[in-house]
Every structure is written in structure tokens, then in C-alpha cells.
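The structure under discussion appears below in the form of C-alpha cells.
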Protein chains: 2
Amino acid sequence: MAGSSHLIVDEPVVQLGRNLTFGLLDSIGRAIVTGQFGSAVFPTEAELAKQHGVSRSVTREAVKMLTAKGLLSARPRQGTIVQPTSSWNLFDADVLRWMLERQLSIDLLRQFNELRVAVEPEAASLAARVAGEDDIRRIDEGLCRMQAAECGFDDPLEADIAFHVAVLRASKNPFYIQLREVVSTALRTSIRFTNRIKGRTADVAEHAKVRDAIASRDPDVARIAMRTIIGDVLVLIEDRIPSIE
Amino acid sequence: MAGSSHLIVDEPVVQLGRNLTFGLLDSIGRAIVTGQFGSAVFPTEAELAKQHGVSRSVTREAVKMLTAKGLLSARPRQGTIVQPTSSWNLFDADVLRWMLERQLSIDLLRQFNELRVAVEPEAASLAARVAGEDDIRRIDEGLCRMQAAECGFDDPLEADIAFHVAVLRASKNPFYIQLREVVSTALRTSIRFTNRIKGRTADVAEHAKVRDAIASRDPDVARIAMRTIIGDVLVLIEDRIPSIE
DNA sequence: CAAGAACGTTTCATATGATAATTATGACTC
DNA sequence: GAGTCATAATTATCATATGAAACGTTCTTG
């Protein structure tokens, strides 16, 4: 690019994240996910450090974090290699964000909602059995925000997130609760896609039905209502793909 | 070993894992999960290194991996602190294993099966729509092994795992596929609990129903059959707990 | 006396250089 | 041609020094 120059301008180093290590984590993570090291050779520890203008310590720590997330594996002499996508931890918010950001994959979005359609109805059902007052209050708040959003007084996306996260939390099941972050991340990252869908998705009435079912301790109604909500999203997504398989 | 010696025996240092870093990862991870640092102070980077007889580099890398898994967070001057369990990544095989090994929590086992009851029926349903021949073959293999296990020719647990993993894989949804490792880990680790349950759970007939539904492309039947299987497990687990909430 | 600025301490963050451990590769032997 | 072994490349580990950030303390000052 920069037409001239024999003098190499310092790489912008890394900047995202709260410090060099986390910045590098983000940078390399994104690069791996976008396929920049297409199963080919991954740079050596020393090269990687040089390329990004950081020390080997920082590089090693970033690589170790990516290893923990399942994206890399390293062995002496063999080098550091990118793992097959099947071993990436998709339930890690970072990994999921990188994947959703890379190309706005509608496939991934569909698959993610296939997960939601399994999990969230069950979470709603559980919530109807075990939710406490605080939980219901949080769900109410989410619902209120959705209503406010309808009149333009709140962000529809954030309101929707607040509602669904509140339900997950109310289930008191740590596995579901864990998905809070993943769901938030995914919904926020895939705005561009969901925007057009949103108008119809933000079906406040159906959300209210979920809320009422939980408040009145009716697990089955809660499950069905939630399934309707996410099933609708799924249908809208699938409609945009002529043929999948 | 070497019986003698006034010479201070080196701390067993760390041994699990393929090297010091991964050994330390395992050691600290287990310690955190068993609550050895009960929200109290976590040792300083230097202390931690000293205690385990390794260098600070190794310590830092292990801590960084635990950070990536959501168990720790570190800031200058404040120190390294254990994160609330709600931010631990339960979908990480290491974390889940540590948690299941710590005390065989029947609560966790129930919650895990609450996840399965949401996910696996949906995976079976998806599989009925998109499974290929290879997938069906793998499912068949799992089923055969279960039948063999009934006559004592195979390990019932491994056969069961093989079947459920095959179904997850057949769904072709990376989120479900990802759960393979988690499901395997959880089932293997919780043997002691499930053993007594197993006799009745290894309901080959019901598993065969799932297989047939998938092979004949009937998503709804597949979903329902799978839900029956896991629902039964859940009932058995809940029966062992008089009152939960 | 109180408010705020300067300073110091503690802890993680980063950099660097040296050495050990591991193992893929190719040379070598038979 | 098959098996064995030396070599070299790469990560793993160690040690030490320095930087940066966060928090408390003290000192100044109105």
C-alpha cells in the first residue's frame, strides 16, 4: 500500500483491549477467525512478536489465552497451529463476537438461533418454577423497556436483550445463566441483520405472555410462548436463505 | 520414594498436564473451583510462583488461561481476584470437569441435565432434517454398542456417550457439536451418580426410536423420543433430592 | 479544619536475554 | 529400503529489570 518508503512505519502496534496483551488477543483472535492463516503456517512466536511490535511475553500470554479458548495449540518444534473450528469454544463471548463480526454470516446467525430455540423456552419454563420476586421485577423491567422502545423512548435492541437476559437469569440454572453473555453478544453484534427483522420480532404482546406465564407459575405456557418468539425469528432468518442444505 | 535425605524435597511442583504451565493451570483451576480462595485474597503473582516452585512466566501464563476461561481477573495494585461463579465458562471442558470432580454435586448434575433436556431433543430434531449417511452410521454404531452393553460386551457408559455424541454431531450445528465434549466430560465424570440410574436409563428401545426417527426424517418424533430419554434421567435425579428450592 | 495535590507503595504489565526440553527432519548406517 | 541417530528449529522455562496503574498517605494550602 503506502506507495513510497523503504522505511517501515511502525505497526500501529495493538490498541484494542485494556492493555497490550488483551489487544493482541483480540487482534490475533480476529485474524484466526477470518481465516488469515488458512490452515497454513502460523507465525513463530518471535515473528508474531515482531509483527505486532510487542515483546515475546505479551505474545506468549495472548497465544495461551487463545489456546484456552480452543483456537490454537502449540508444541515445541512443531510450532503453533490453528485448531479446526470444531474445537473452538463458541460459548466464549470473544470467539463468538469474532465469528459474527467477520462476515456477518447468516449461517452462523441461524445456527445460533437454533440454539436459542432449544434453550430459551426451557429457561422460561424453569423460570416459571423457580423465579423469585427480584427475577420477575427484572423481567418486568425488560418488558417495560420494550414498550417504551415501541414509542421511541428506548433502544429496541437493548430492551429485547434485557428481557431475554432476565429470563435466562430467572431460571437459576448456571448453564442458562452463562448464556446471558453469549446471547447479548450475539444480538448486539448481528444488529445489521436483525434490524430489518426487528420490527416484527419485537412482538411485545408475545413477550408479555412469557412474563405473565412466569409470574403465574405456568411452565408450559411460558415454554410455548418463548418458543413462538424465537421460532418466529428463526423463520424470518431462514426465509432469507433460498436453500440451505 | 528416595527415602533418605535431609535435603528438602522439592514441592511436588506440578505434574498434571503436558507441561508445567498446563499442570499449574489444572492445579490452580481445581483449587479455585473447590473454593480454596473463598472470595478471600488470591495469592500474588510472585507468591503463587513460589508456592508451586515455578517461574513467574509460567504462573502468568496459567493465570492468563484461567482469565480466558472466566475464573480470574487481574489488575495492577488490586491483584488477581477470583470471579463470581456466574462468569465462569461452564461450557469449557476443563472448568466443567473441575466442578464435577470437586464434590459430585447432585445439584450441578441436575442443572446439567436440564441443559441436555433442552438441547438434545432439538439436536435430534435437526438431525432428522440434515443428517447424512455417515451420521446415521455413527448413530447406528452407538446403538449397537448399547445393545452389546446390555449383554456385557461393551461399556454401557461409553456406548451411551457414543450414541448421544453421534446425534449431536448429526445436527451439523456447531453449537450443538461443541457440546459433544461437554456431554462426554460430564457423563464420564459423574459415573458414580449415574451408575445406579444407568440400569434403567440405558433404555435401548427408546434410543432406537430416536435413531429410527432420524433415519426416516421425522423431526418431531425424534425430538419427543429424545426428550423422553433425558426427561427420565432428570426425573430420577430429582427423585434423589427431596426438596430443591 | 478540610480539601486537594504530591508522593510512595504495591501489584500487575512488559521487555529482554539465556537455557532447557521436545521433536520433526534429514543424514546415516546396515 | 528400513531403521537409527544427530541436528536444528521451536516452544517451554527461568531470571531480572523496568514501566504503568491504582490506592493510600501525607503534606500543603485556603
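Within each chain, counting starts at residue 1; across the C-alpha cells, chains are named A, B, ... in the order shown, with ligands numbered 1 upward in that order.
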
_Using only C-alpha atoms and a cut-off of 8 Å, which residues of chain B sit close to chain A? Please list them as an MDAnalysis selection string._
chainID B and resid 57 60:61 64:69 86:92 111:112 115 118:119 122 130 173:178 245

Let me see the file: selected residues, N, CA, C and O atoms, as a short mmCIF file (atom, residue, chain, number, x, y, z; two decimals), in the first residue's frame.
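Saved file result.cif follows:
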```
data_model
loop_
_atom_site.label_atom_id
_atom_site.label_comp_id
_atom_site.auth_asym_id
_atom_site.auth_seq_id
_atom_site.Cartn_x
_atom_site.Cartn_y
_atom_site.Cartn_z
N SER B 57 6.87 -16.47 34.82
CA SER B 57 6.34 -16.59 33.46
C SER B 57 5.26 -17.66 33.41
O SER B 57 4.16 -17.43 32.90
N ARG B 60 2.18 -16.60 35.22
CA ARG B 60 1.38 -15.62 34.48
C ARG B 60 0.60 -16.28 33.36
O ARG B 60 -0.56 -15.96 33.12
N GLU B 61 1.24 -17.22 32.67
CA GLU B 61 0.55 -17.85 31.55
C GLU B 61 -0.63 -18.69 32.04
O GLU B 61 -1.70 -18.69 31.43
N LYS B 64 -3.34 -16.31 32.96
CA LYS B 64 -3.98 -15.76 31.76
C LYS B 64 -4.98 -16.76 31.17
O LYS B 64 -6.05 -16.39 30.71
N MET B 65 -4.63 -18.03 31.21
CA MET B 65 -5.56 -19.03 30.68
C MET B 65 -6.82 -19.09 31.54
O MET B 65 -7.93 -19.21 31.03
N LEU B 66 -6.62 -19.01 32.86
CA LEU B 66 -7.78 -19.03 33.74
C LEU B 66 -8.62 -17.77 33.54
O LEU B 66 -9.84 -17.80 33.69
N THR B 67 -7.95 -16.68 33.20
CA THR B 67 -8.68 -15.46 32.89
C THR B 67 -9.54 -15.67 31.64
O THR B 67 -10.69 -15.26 31.58
N ALA B 68 -8.94 -16.33 30.65
CA ALA B 68 -9.67 -16.59 29.41
C ALA B 68 -10.87 -17.48 29.64
O ALA B 68 -11.87 -17.40 28.93
N LYS B 69 -10.79 -18.32 30.66
CA LYS B 69 -11.91 -19.21 30.96
C LYS B 69 -12.90 -18.58 31.92
O LYS B 69 -13.87 -19.21 32.33
N SER B 86 -20.72 -17.01 38.34
CA SER B 86 -21.61 -16.74 37.20
C SER B 86 -20.83 -16.37 35.95
O SER B 86 -21.37 -16.42 34.85
N SER B 87 -19.58 -16.00 36.11
CA SER B 87 -18.84 -15.65 34.90
C SER B 87 -17.86 -16.75 34.49
O SER B 87 -17.12 -16.58 33.53
N TRP B 88 -17.87 -17.85 35.18
CA TRP B 88 -17.05 -18.98 34.75
C TRP B 88 -17.66 -19.58 33.49
O TRP B 88 -18.89 -19.68 33.37
N ASN B 89 -16.82 -19.99 32.59
CA ASN B 89 -17.32 -20.59 31.35
C ASN B 89 -17.57 -22.09 31.55
O ASN B 89 -16.69 -22.91 31.36
N LEU B 90 -18.80 -22.41 31.90
CA LEU B 90 -19.13 -23.81 32.18
C LEU B 90 -19.07 -24.68 30.94
O LEU B 90 -19.06 -25.90 31.03
N PHE B 91 -19.06 -24.05 29.78
CA PHE B 91 -19.01 -24.83 28.55
C PHE B 91 -17.58 -25.16 28.16
O PHE B 91 -17.30 -25.69 27.09
N ASP B 92 -16.68 -24.82 29.04
CA ASP B 92 -15.28 -25.20 28.86
C ASP B 92 -15.08 -26.54 29.56
O ASP B 92 -15.43 -26.71 30.73
N GLN B 111 -28.69 -29.66 37.05
CA GLN B 111 -28.68 -28.49 36.18
C GLN B 111 -28.12 -28.84 34.81
O GLN B 111 -28.59 -28.35 33.79
N PHE B 112 -27.12 -29.70 34.82
CA PHE B 112 -26.55 -30.10 33.54
C PHE B 112 -27.57 -30.86 32.71
O PHE B 112 -27.69 -30.65 31.50
N LEU B 115 -29.98 -28.74 31.04
CA LEU B 115 -29.46 -28.24 29.76
C LEU B 115 -29.66 -29.28 28.66
O LEU B 115 -30.12 -28.97 27.57
N ALA B 118 -33.00 -29.57 27.15
CA ALA B 118 -33.33 -28.51 26.20
C ALA B 118 -32.64 -28.77 24.87
O ALA B 118 -33.24 -28.65 23.80
N VAL B 119 -31.39 -29.13 24.93
CA VAL B 119 -30.56 -29.16 23.74
C VAL B 119 -30.71 -30.44 22.92
O VAL B 119 -30.91 -30.38 21.71
N GLU B 122 -33.71 -31.04 20.59
CA GLU B 122 -33.66 -30.14 19.43
C GLU B 122 -32.59 -30.61 18.46
O GLU B 122 -32.77 -30.52 17.23
N VAL B 130 -31.20 -33.02 8.65
CA VAL B 130 -29.98 -32.78 7.87
C VAL B 130 -28.94 -33.89 7.95
O VAL B 130 -27.88 -33.77 7.34
N ASN B 173 -24.99 -28.58 13.60
CA ASN B 173 -24.97 -27.23 14.17
C ASN B 173 -23.76 -27.11 15.10
O ASN B 173 -23.66 -27.85 16.08
N PRO B 174 -22.85 -26.19 14.79
CA PRO B 174 -21.61 -26.13 15.56
C PRO B 174 -21.82 -25.93 17.05
O PRO B 174 -21.00 -26.39 17.84
N PHE B 175 -22.90 -25.26 17.43
CA PHE B 175 -23.14 -25.06 18.86
C PHE B 175 -23.48 -26.39 19.53
O PHE B 175 -23.02 -26.67 20.63
N TYR B 176 -24.26 -27.17 18.87
CA TYR B 176 -24.58 -28.49 19.42
C TYR B 176 -23.36 -29.40 19.38
O TYR B 176 -23.08 -30.13 20.32
N ILE B 177 -22.67 -29.33 18.25
CA ILE B 177 -21.49 -30.17 18.11
C ILE B 177 -20.49 -29.87 19.21
O ILE B 177 -19.87 -30.75 19.79
N GLN B 178 -20.37 -28.59 19.50
CA GLN B 178 -19.48 -28.16 20.57
C GLN B 178 -19.79 -28.86 21.88
O GLN B 178 -18.91 -29.12 22.70
N GLU B 245 -35.71 -26.21 46.01
CA GLU B 245 -35.72 -24.77 46.32
C GLU B 245 -36.46 -24.50 47.61
O GLU B 245 -37.51 -24.91 47.87
#
```

Compute the chain A side of the contact with chain D at 7 Å, counting only C-alpha atoms (C1' of nucleotides), and hand it back as a PDB file with N, CA and C atoms, in the first residue's frame.
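Just written: result-v6.pdb:
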```pdb
ATOM      1  N   ARG A  75       3.247 -26.749  20.244  1.00  0.00           N
ATOM      2  CA  ARG A  75       4.195 -27.775  20.694  1.00  0.00           C
ATOM      3  C   ARG A  75       5.573 -27.395  20.194  1.00  0.00           C
ATOM      4  N   PRO A  76       6.578 -27.727  20.976  1.00  0.00           N
ATOM      5  CA  PRO A  76       7.943 -27.406  20.553  1.00  0.00           C
ATOM      6  C   PRO A  76       8.228 -28.048  19.210  1.00  0.00           C
ATOM      7  N   ARG A  77       8.999 -27.374  18.475  1.00  0.00           N
ATOM      8  CA  ARG A  77       9.457 -27.840  17.165  1.00  0.00           C
ATOM      9  C   ARG A  77       8.355 -27.848  16.096  1.00  0.00           C
ATOM     10  N   GLN A  78       7.152 -28.236  16.503  1.00  0.00           N
ATOM     11  CA  GLN A  78       6.058 -28.257  15.541  1.00  0.00           C
ATOM     12  C   GLN A  78       5.543 -26.846  15.292  1.00  0.00           C
ATOM     13  N   GLY A  79       5.608 -26.027  16.320  1.00  0.00           N
ATOM     14  CA  GLY A  79       5.099 -24.670  16.205  1.00  0.00           C
ATOM     15  C   GLY A  79       3.692 -24.527  16.734  1.00  0.00           C
TER      16      GLY A  79
END
```

_I'd like the interatomic distance between atom CA of Ala162 of chain B and atom CA of Val183 of chain A, to a tenth of an Å._
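So the two atoms, atom CA of Ala162 of chain B and atom CA of Val183 of chain A, lie 29.2 Å apart.
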
*Hey, list the chain C side of the contact with chain A: 12 Å cut-off, only C-alpha atoms (C1' of nucleotides), answer as a PyMOL selection string.*
chain C and resi 12-17+20-25

*What are the DSSP strand (DSSP E or B) residues of segment 68-97 of chain B, as JSON, numbers by chain?*
{"B": [72, 73, 74, 75, 79, 80, 81, 82]}

*Please identify all polymer residues within 12 Å of Arg137 of chain B, counting only C-alpha atoms (C1' of nucleotides), omitting same-chain residues fewer than 4 positions from it, and present them as an MDAnalysis selection string.*
chainID B and resid 131:133 141:144 162:163 166:167 169:170 211:212 214:215

Suppose we keep C-alpha atoms; can you now write the selection as a short mmCIF file (atom, residue, chain, number, x, y, z; two decimals), in the first residue's frame?
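Written output follows (selection-v3.cif):
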```
data_model
loop_
_atom_site.label_atom_id
_atom_site.label_comp_id
_atom_site.auth_asym_id
_atom_site.auth_seq_id
_atom_site.Cartn_x
_atom_site.Cartn_y
_atom_site.Cartn_z
CA ALA B 131 -28.18 -35.96 8.87
CA GLY B 132 -26.11 -37.65 6.20
CA GLU B 133 -25.38 -41.31 5.77
CA GLU B 141 -22.88 -47.78 15.85
CA GLY B 142 -23.73 -46.16 19.17
CA LEU B 143 -26.98 -48.05 19.28
CA CYS B 144 -25.23 -51.34 18.53
CA ALA B 162 -21.20 -42.61 21.72
CA PHE B 163 -24.88 -42.55 20.84
CA ALA B 166 -23.34 -39.08 17.36
CA VAL B 167 -26.73 -37.39 17.45
CA ARG B 169 -22.80 -34.36 15.60
CA ALA B 170 -25.51 -35.28 13.13
CA ARG B 211 -32.45 -43.49 15.64
CA ASP B 212 -35.38 -44.61 13.50
CA ILE B 214 -33.79 -39.58 12.40
CA ALA B 215 -33.27 -42.17 9.69
#
```

*asked:* To one decimal place in Å, what is the distance between atom CA of Val210 of chain A and atom CA of Ala225 of chain A?
replied: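 For atom CA of Val210 of chain A relative to atom CA of Ala225 of chain A, the distance reads 5.6 Å.
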